[in-house]
>>> print(open('work15.txt').read())   # compact mmCIF, C-alpha atoms and all ligand atoms
# COMPACT_ATOMS: atom_id res chain seq x y z
CA MET A 27 -173.89 -14.33 -6.27
CA THR A 28 -177.49 -14.41 -5.09
CA VAL A 29 -178.75 -17.69 -3.68
CA THR A 30 -182.50 -18.10 -3.50
CA LEU A 31 -183.45 -20.18 -0.51
CA PRO A 32 -186.60 -22.30 -0.80
CA GLU A 33 -189.68 -21.17 1.10
CA PRO A 34 -191.28 -23.59 3.56
CA GLY A 35 -193.26 -26.09 1.54
CA ASP A 36 -191.34 -25.23 -1.61
CA ALA A 37 -190.29 -28.49 -3.29
CA ALA A 38 -187.65 -26.78 -5.44
CA VAL A 39 -184.12 -28.05 -5.02
CA GLU A 40 -181.30 -25.57 -4.72
CA SER A 41 -179.07 -25.52 -7.74
CA ALA A 42 -175.66 -27.11 -7.28
CA ALA A 43 -174.29 -24.22 -9.35
CA ALA A 44 -175.06 -21.94 -6.41
CA PHE A 45 -172.34 -23.75 -4.48
CA PRO A 46 -169.01 -23.19 -6.22
CA PRO A 47 -166.25 -25.68 -5.43
CA PRO A 48 -163.57 -24.63 -2.98
CA ASN A 49 -160.72 -22.84 -4.67
CA ASP A 50 -158.02 -25.52 -4.69
CA ASP A 51 -156.42 -27.97 -7.09
CA LEU A 52 -157.98 -31.14 -5.72
CA GLN A 53 -160.20 -33.37 -7.80
CA ARG A 54 -163.21 -34.61 -5.91
CA LEU A 55 -165.16 -37.84 -5.91
CA TRP A 56 -168.82 -36.92 -5.80
CA THR A 57 -170.70 -39.78 -4.21
CA PRO A 58 -174.19 -38.53 -3.40
CA HIS A 59 -175.50 -42.10 -3.03
CA ARG A 60 -173.37 -42.38 0.09
CA MET A 61 -175.46 -39.71 1.76
CA VAL A 62 -177.91 -42.43 2.74
CA TYR A 63 -175.07 -44.05 4.60
CA VAL A 64 -173.61 -40.84 5.97
CA GLY A 65 -177.10 -40.00 7.15
CA GLY A 66 -176.95 -43.02 9.37
CA GLN A 67 -179.76 -45.09 7.89
CA ASP A 68 -177.82 -48.35 8.14
CA LYS A 69 -175.56 -47.45 11.03
CA PRO A 70 -175.53 -49.95 13.89
CA LYS A 71 -177.30 -48.60 16.96
CA ASP A 72 -174.27 -49.40 19.12
CA ALA A 73 -170.81 -50.98 18.90
CA THR A 74 -171.79 -54.45 20.15
CA ALA A 75 -171.52 -57.59 18.03
CA SER A 76 -175.27 -58.16 18.31
CA SER A 77 -175.91 -54.84 16.51
CA CYS A 78 -173.17 -55.41 13.94
CA PRO A 79 -174.25 -56.07 10.33
CA PHE A 80 -170.99 -57.90 9.62
CA CYS A 81 -171.52 -60.31 12.52
CA ALA A 82 -175.08 -61.08 11.44
CA ILE A 83 -174.08 -62.80 8.22
CA ASP A 84 -174.88 -66.49 8.24
CA SER A 85 -173.02 -68.61 5.68
CA ALA A 86 -176.37 -69.83 4.31
CA ASP A 87 -177.03 -66.20 3.40
CA ASP A 88 -173.91 -65.53 1.33
CA GLU A 89 -175.68 -64.80 -1.95
CA ARG A 90 -178.25 -62.44 -0.48
CA ARG A 91 -175.71 -60.73 1.78
CA LEU A 92 -173.22 -60.35 -1.10
CA VAL A 93 -170.43 -62.42 0.46
CA VAL A 94 -167.91 -63.11 -2.31
CA ALA A 95 -165.53 -65.54 -0.60
CA ARG A 96 -164.81 -67.04 2.81
CA GLY A 97 -161.52 -67.99 4.42
CA ALA A 98 -160.81 -69.61 7.78
CA THR A 99 -160.66 -66.36 9.80
CA CYS A 100 -161.66 -63.64 7.32
CA PHE A 101 -164.07 -63.15 4.44
CA ALA A 102 -164.72 -60.84 1.48
CA ILE A 103 -168.02 -59.05 0.94
CA LEU A 104 -169.30 -56.45 -1.53
CA ASN A 105 -169.76 -52.94 -0.22
CA LEU A 106 -173.46 -52.09 -0.21
CA TYR A 107 -172.59 -48.46 -1.01
CA PRO A 108 -169.83 -48.84 -3.59
CA TYR A 109 -167.57 -46.05 -4.73
CA ASN A 110 -167.03 -48.05 -7.91
CA PRO A 111 -168.24 -51.34 -9.41
CA GLY A 112 -166.50 -54.23 -7.67
CA HIS A 113 -165.83 -52.25 -4.47
CA LEU A 114 -165.47 -54.92 -1.82
CA MET A 115 -164.26 -55.30 1.73
CA VAL A 116 -162.08 -57.90 3.46
CA LEU A 117 -162.69 -58.39 7.16
CA PRO A 118 -162.26 -60.80 10.05
CA TYR A 119 -165.21 -62.87 11.29
CA ARG A 120 -164.29 -61.73 14.78
CA HIS A 121 -165.87 -58.50 16.02
CA VAL A 122 -162.75 -56.38 16.56
CA SER A 123 -162.32 -52.69 15.80
CA GLY A 124 -158.56 -52.20 15.66
CA TYR A 125 -156.01 -53.43 13.16
CA VAL A 126 -153.65 -54.06 16.07
CA ASP A 127 -156.29 -56.34 17.64
CA LEU A 128 -156.03 -58.91 14.84
CA THR A 129 -154.37 -62.22 15.61
CA GLU A 130 -151.39 -63.33 13.55
CA ALA A 131 -153.59 -65.71 11.57
CA GLU A 132 -156.18 -62.99 10.88
CA THR A 133 -153.49 -60.52 9.84
CA VAL A 134 -152.04 -63.00 7.36
CA GLU A 135 -155.39 -64.04 5.94
CA LEU A 136 -156.68 -60.46 5.68
CA ALA A 137 -153.63 -59.64 3.56
CA HIS A 138 -153.95 -62.85 1.57
CA LEU A 139 -157.65 -62.31 0.79
CA THR A 140 -156.89 -58.70 -0.17
CA GLN A 141 -154.35 -59.95 -2.70
CA THR A 142 -156.82 -62.52 -4.02
CA ALA A 143 -159.49 -59.82 -4.27
CA ILE A 144 -157.17 -57.69 -6.40
CA ARG A 145 -156.29 -60.64 -8.64
CA THR A 146 -159.97 -61.55 -9.04
CA LEU A 147 -161.02 -57.94 -9.73
CA ALA A 148 -158.20 -57.71 -12.28
CA ARG A 149 -159.54 -60.74 -14.15
CA VAL A 150 -163.19 -59.71 -14.03
CA TYR A 151 -163.10 -55.91 -14.32
CA ARG A 152 -159.58 -55.01 -15.48
CA PRO A 153 -159.34 -51.79 -13.48
CA GLY A 154 -156.37 -49.50 -13.94
CA GLY A 155 -155.62 -49.26 -10.23
CA TYR A 156 -156.91 -49.78 -6.71
CA ASN A 157 -157.45 -47.92 -3.48
CA LEU A 158 -156.82 -50.07 -0.41
CA GLY A 159 -157.62 -48.76 3.00
CA MET A 160 -158.97 -49.10 6.49
CA ASN A 161 -160.68 -46.30 8.35
CA GLN A 162 -159.94 -46.74 12.03
CA GLY A 163 -162.61 -45.10 14.16
CA GLU A 164 -165.64 -43.00 13.25
CA VAL A 165 -163.59 -39.82 13.32
CA ALA A 166 -161.46 -41.32 10.53
CA GLY A 167 -164.50 -42.10 8.41
CA ALA A 168 -165.35 -45.67 9.38
CA GLY A 169 -169.05 -46.34 8.75
CA ILE A 170 -169.06 -49.42 10.96
CA ALA A 171 -166.18 -48.58 13.28
CA ALA A 172 -166.71 -51.47 15.69
CA HIS A 173 -165.83 -54.14 13.11
CA LEU A 174 -162.60 -53.65 11.22
CA HIS A 175 -162.86 -53.85 7.43
CA GLN A 176 -160.40 -53.22 4.63
CA HIS A 177 -161.78 -51.55 1.52
CA VAL A 178 -160.62 -52.68 -1.91
CA VAL A 179 -161.80 -50.12 -4.48
CA PRO A 180 -161.04 -50.70 -8.16
CA ARG A 181 -160.23 -47.50 -10.04
CA TRP A 182 -160.37 -46.53 -13.68
CA GLN A 183 -158.94 -43.53 -15.45
CA GLY A 184 -161.57 -40.80 -15.26
CA ASP A 185 -163.90 -42.82 -13.01
CA ALA A 186 -164.63 -39.76 -10.92
CA ASN A 187 -166.52 -38.43 -13.94
CA PHE A 188 -168.97 -41.32 -14.18
CA LEU A 189 -169.60 -41.79 -10.48
CA PRO A 190 -172.89 -39.89 -10.66
CA VAL A 191 -174.03 -42.51 -13.18
CA VAL A 192 -172.98 -45.25 -10.82
CA ALA A 193 -174.82 -43.45 -8.07
CA ARG A 194 -178.04 -43.61 -10.02
CA THR A 195 -177.73 -47.27 -10.91
CA LYS A 196 -176.07 -48.75 -7.86
CA ALA A 197 -179.29 -48.94 -5.86
CA VAL A 198 -180.63 -51.64 -8.18
CA PRO A 199 -180.07 -54.82 -6.16
CA GLU A 200 -179.59 -56.94 -9.27
CA LEU A 201 -176.49 -54.96 -10.14
CA LEU A 202 -174.76 -55.85 -6.87
CA ALA A 203 -176.03 -59.42 -7.13
CA ASP A 204 -174.50 -59.65 -10.61
CA THR A 205 -171.22 -58.25 -9.32
CA ARG A 206 -171.18 -60.79 -6.50
CA ALA A 207 -171.95 -63.66 -8.87
CA ARG A 208 -169.17 -62.65 -11.26
CA LEU A 209 -166.55 -62.22 -8.53
CA ALA A 210 -167.56 -65.37 -6.63
CA ALA A 211 -167.35 -67.38 -9.86
CA ALA A 212 -163.92 -65.95 -10.69
CA TRP A 213 -162.55 -66.31 -7.14
CA PRO A 214 -159.91 -69.10 -7.12
CA ALA A 215 -161.35 -72.25 -5.53
CA ASP A 216 -158.09 -73.09 -3.79
CA GLU A 217 -157.90 -69.82 -1.82
CA PRO A 218 -156.68 -69.37 0.83
CA ALA A 219 -153.69 -71.38 -0.30
CA GLU A 220 -152.04 -71.44 3.12
CA ALA A 221 -154.03 -72.39 6.20
CA PRO A 222 -153.34 -70.02 9.10
CA GLY A 223 -151.00 -71.59 11.63
CA GLU A 224 -149.49 -73.96 9.10
CA ASP A 225 -145.85 -74.79 9.79
CA PRO A 226 -143.89 -73.04 7.04
CA LEU A 227 -140.86 -75.25 7.67
CA GLU A 228 -142.74 -78.48 7.09
CA GLU A 229 -141.58 -80.40 4.03
CA PRO A 230 -144.29 -80.74 1.38
CA SER A 231 -145.35 -84.37 1.07
ZN ZN B 1 -169.09 -57.35 14.00
>>> encode(input="work15.txt", output="structure tokens")
Amino acid sequence: MTVTLPEPGDAAVESAAAFPPPNDDLQRLWTPHRMVYVGGQDKPKDATASSCPFCAIDSADDERRLVVARGATCFAILNLYPYNPGHLMVLPYRHVSGYVDLTEAETVELAHLTQTAIRTLARVYRPGGYNLGMNQGEVAGAGIAAHLHQHVVPRWQGDANFLPVVARTKAVPELLADTRARLAAAWPADEPAEAPGEDPLEEPS
């Protein structure tokens, strides 16, 4: 196969067809919109809390910053570069990088908010499944490695096929604002049900 490389000053884009997929049986999620992120545009300049986008979120800013729900030690926020509609993250307020660095209360609430996120996504978007995951460290794919965050990605049958469509529309801020509004409205008002540190043996009054 002959690949024609662009000359300097040539605005032509190389055809994707010139790059055949690797010869294996894996399906791939094509997420070109994430290249902005991979390219480092929104990466914090260092690992300190003062450079951290997650630490800079004031509660008065929840709507603009796409915060969906807040607990006592953790909160849920939409991913600015979603793999799928409704892709959100659950994370501690505290600027910690490692899952093993979480306190007992944070560990419990992170899990609890993740469950609530799944229930809320199920009501609003009815996905067929979910990917849950934490990337620990930049080498493992964490975009903001200094501040632990758990991804909750709703999945639909065949969603890998329409991701390019999502990629073209996801940059419209209103779309993410709408997603946030829908999820925040559907989020149960009584969550988290159990305050961290509550005595589980205490008799209910
Ligand atoms: Zn942080």
>>> closest_atom_pairs(input="work15.txt", of="chain A", to="ligand ZN 1 (chain B)", cutoff="8 Å", atoms="only C-alpha atoms and all ligand atoms", output="tab-separated table")
residue	atom	partner	partner_atom	distance
A:Thr74	CA	B:ZN1	ZN	7.3
A:Ala75	CA	B:ZN1	ZN	4.7
A:Ser76	CA	B:ZN1	ZN	7.6
A:Ser77	CA	B:ZN1	ZN	7.7
A:Cys78	CA	B:ZN1	ZN	4.5
A:Pro79	CA	B:ZN1	ZN	6.5
A:Phe80	CA	B:ZN1	ZN	4.8
A:Cys81	CA	B:ZN1	ZN	4.1
A:Ala82	CA	B:ZN1	ZN	7.5
A:Tyr119	CA	B:ZN1	ZN	7.3
A:Arg120	CA	B:ZN1	ZN	6.5
A:His121	CA	B:ZN1	ZN	4.0
A:Val122	CA	B:ZN1	ZN	6.9
A:Ala172	CA	B:ZN1	ZN	6.6
A:His173	CA	B:ZN1	ZN	4.7
A:Leu174	CA	B:ZN1	ZN	8.0
>>> atom_distance(input="work15.txt", atom1="CA of Ala95 in chain A", atom2="CA of Leu158 in chain A")
17.8 Å
>>> axis_aligned_box(input="work15.txt", around="range 139-155 of chain A", padding_each_side="6 Å", output="JSON")
{"center_x": -158.8, "center_y": -55.9, "center_z": -7.3, "size_x": 20.8, "size_y": 25.3, "size_z": 28.3}
>>> residues_around(input="work15.txt", residues="range 105-115 of chain A", least_positions_apart="5", cutoff="6 Å", atoms="all atoms listed in the file", output="ChimeraX atom specification")
/A:176-179
>>> atom_distance(input="work15.txt", atom1="CA of Gly154 in chain A", atom2="CA of Gln183 in chain A")
6.7 Å
>>> closest_residue(input="work15.txt", among="A:Arg149, A:Arg96, A:Lys69, A:His138", to="Leu209 in chain A", atoms="all atoms listed in the file")
A:Arg149
>>> closest_residue(input="work15.txt", among="A:Ile170, A:Gly155, A:Asp87, A:Leu202", to="Gly184 in chain A", atoms="all atoms listed in the file")
A:Gly155
>>> closest_residue(input="work15.txt", among="A:Val116, A:Ala171, A:Val126, A:Ala203", to="Cys100 in chain A", atoms="only C-alpha atoms")
A:Val116
>>> atom_distance(input="work15.txt", atom1="CA of Gln162 in chain A", atom2="CA of Glu135 in chain A")
18.9 Å
>>> closest_residue(input="work15.txt", among="A:Val93, A:Ile103, A:Gln141, A:Gly169", to="Lys71 in chain A", atoms="all atoms listed in the file")
A:Gly169
>>> decode(input="work15.txt", residues="range 80-108 of chain A", atoms="N, CA and C atoms", output="mmCIF file, in the first residue's frame")
data_model
loop_
_atom_site.group_PDB
_atom_site.id
_atom_site.type_symbol
_atom_site.label_atom_id
_atom_site.label_comp_id
_atom_site.auth_asym_id
_atom_site.auth_seq_id
_atom_site.Cartn_x
_atom_site.Cartn_y
_atom_site.Cartn_z
ATOM 1 N N PHE A 80 -10.133 19.186 40.192
ATOM 2 C CA PHE A 80 -11.150 18.632 41.081
ATOM 3 C C PHE A 80 -11.198 19.373 42.419
ATOM 4 N N CYS A 81 -10.066 19.925 42.835
ATOM 5 C CA CYS A 81 -10.022 20.647 44.113
ATOM 6 C C CYS A 81 -10.530 22.076 43.961
ATOM 7 N N ALA A 82 -10.642 22.537 42.735
ATOM 8 C CA ALA A 82 -11.004 23.936 42.501
ATOM 9 C C ALA A 82 -12.512 24.147 42.401
ATOM 10 N N ILE A 83 -13.282 23.104 42.705
ATOM 11 C CA ILE A 83 -14.720 23.198 42.481
ATOM 12 C C ILE A 83 -15.432 23.677 43.738
ATOM 13 N N ASP A 84 -15.890 24.893 43.694
ATOM 14 C CA ASP A 84 -16.661 25.470 44.787
ATOM 15 C C ASP A 84 -18.110 25.000 44.682
ATOM 16 N N SER A 85 -18.758 24.785 45.832
ATOM 17 C CA SER A 85 -20.124 24.252 45.789
ATOM 18 C C SER A 85 -21.104 25.228 45.133
ATOM 19 N N ALA A 86 -20.759 26.518 45.110
ATOM 20 C CA ALA A 86 -21.622 27.498 44.438
ATOM 21 C C ALA A 86 -21.564 27.326 42.925
ATOM 22 N N ASP A 87 -20.597 26.548 42.478
ATOM 23 C CA ASP A 87 -20.312 26.393 41.046
ATOM 24 C C ASP A 87 -20.829 25.079 40.470
ATOM 25 N N ASP A 88 -21.620 24.346 41.246
ATOM 26 C CA ASP A 88 -21.953 22.966 40.870
ATOM 27 C C ASP A 88 -22.538 22.840 39.468
ATOM 28 N N GLU A 89 -23.438 23.762 39.110
ATOM 29 C CA GLU A 89 -24.098 23.640 37.815
ATOM 30 C C GLU A 89 -23.091 23.836 36.685
ATOM 31 N N ARG A 90 -22.303 24.889 36.796
ATOM 32 C CA ARG A 90 -21.335 25.189 35.739
ATOM 33 C C ARG A 90 -20.236 24.133 35.669
ATOM 34 N N ARG A 91 -19.839 23.600 36.833
ATOM 35 C CA ARG A 91 -18.758 22.619 36.849
ATOM 36 C C ARG A 91 -19.258 21.182 36.706
ATOM 37 N N LEU A 92 -20.579 21.037 36.479
ATOM 38 C CA LEU A 92 -21.170 19.734 36.165
ATOM 39 C C LEU A 92 -21.129 18.744 37.326
ATOM 40 N N VAL A 93 -21.166 19.274 38.557
ATOM 41 C CA VAL A 93 -21.282 18.402 39.731
ATOM 42 C C VAL A 93 -22.717 17.882 39.795
ATOM 43 N N VAL A 94 -22.871 16.575 39.901
ATOM 44 C CA VAL A 94 -24.197 15.959 39.886
ATOM 45 C C VAL A 94 -24.740 15.808 41.303
ATOM 46 N N ALA A 95 -23.890 15.393 42.235
ATOM 47 C CA ALA A 95 -24.348 15.174 43.610
ATOM 48 C C ALA A 95 -23.161 15.279 44.566
ATOM 49 N N ARG A 96 -23.470 15.664 45.795
ATOM 50 C CA ARG A 96 -22.422 15.780 46.818
ATOM 51 C C ARG A 96 -22.767 14.949 48.035
ATOM 52 N N GLY A 97 -21.780 14.235 48.570
ATOM 53 C CA GLY A 97 -21.922 13.540 49.831
ATOM 54 C C GLY A 97 -21.110 14.257 50.888
ATOM 55 N N ALA A 98 -20.845 13.581 52.011
ATOM 56 C CA ALA A 98 -20.091 14.194 53.101
ATOM 57 C C ALA A 98 -18.593 14.217 52.798
ATOM 58 N N THR A 99 -18.086 13.149 52.160
ATOM 59 C CA THR A 99 -16.643 13.056 51.899
ATOM 60 C C THR A 99 -16.308 12.923 50.420
ATOM 61 N N CYS A 100 -17.312 12.580 49.613
ATOM 62 C CA CYS A 100 -17.103 12.352 48.183
ATOM 63 C C CYS A 100 -18.206 13.025 47.377
ATOM 64 N N PHE A 101 -17.967 13.180 46.082
ATOM 65 C CA PHE A 101 -18.985 13.774 45.212
ATOM 66 C C PHE A 101 -18.955 13.115 43.837
ATOM 67 N N ALA A 102 -20.007 13.396 43.048
ATOM 68 C CA ALA A 102 -20.114 12.843 41.693
ATOM 69 C C ALA A 102 -20.152 13.998 40.710
ATOM 70 N N ILE A 103 -19.381 13.854 39.624
ATOM 71 C CA ILE A 103 -19.256 14.929 38.637
ATOM 72 C C ILE A 103 -19.220 14.320 37.241
ATOM 73 N N LEU A 104 -19.796 15.025 36.264
ATOM 74 C CA LEU A 104 -19.746 14.527 34.888
ATOM 75 C C LEU A 104 -18.322 14.603 34.358
ATOM 76 N N ASN A 105 -17.962 13.636 33.536
ATOM 77 C CA ASN A 105 -16.679 13.689 32.849
ATOM 78 C C ASN A 105 -16.790 14.670 31.688
ATOM 79 N N LEU A 106 -15.850 15.588 31.627
ATOM 80 C CA LEU A 106 -15.854 16.618 30.582
ATOM 81 C C LEU A 106 -15.560 16.019 29.211
ATOM 82 N N TYR A 107 -14.945 14.843 29.193
ATOM 83 C CA TYR A 107 -14.597 14.171 27.940
ATOM 84 C C TYR A 107 -15.199 12.774 27.946
ATOM 85 N N PRO A 108 -16.533 12.705 27.851
ATOM 86 C CA PRO A 108 -17.204 11.415 28.083
ATOM 87 C C PRO A 108 -16.942 10.391 27.003
#
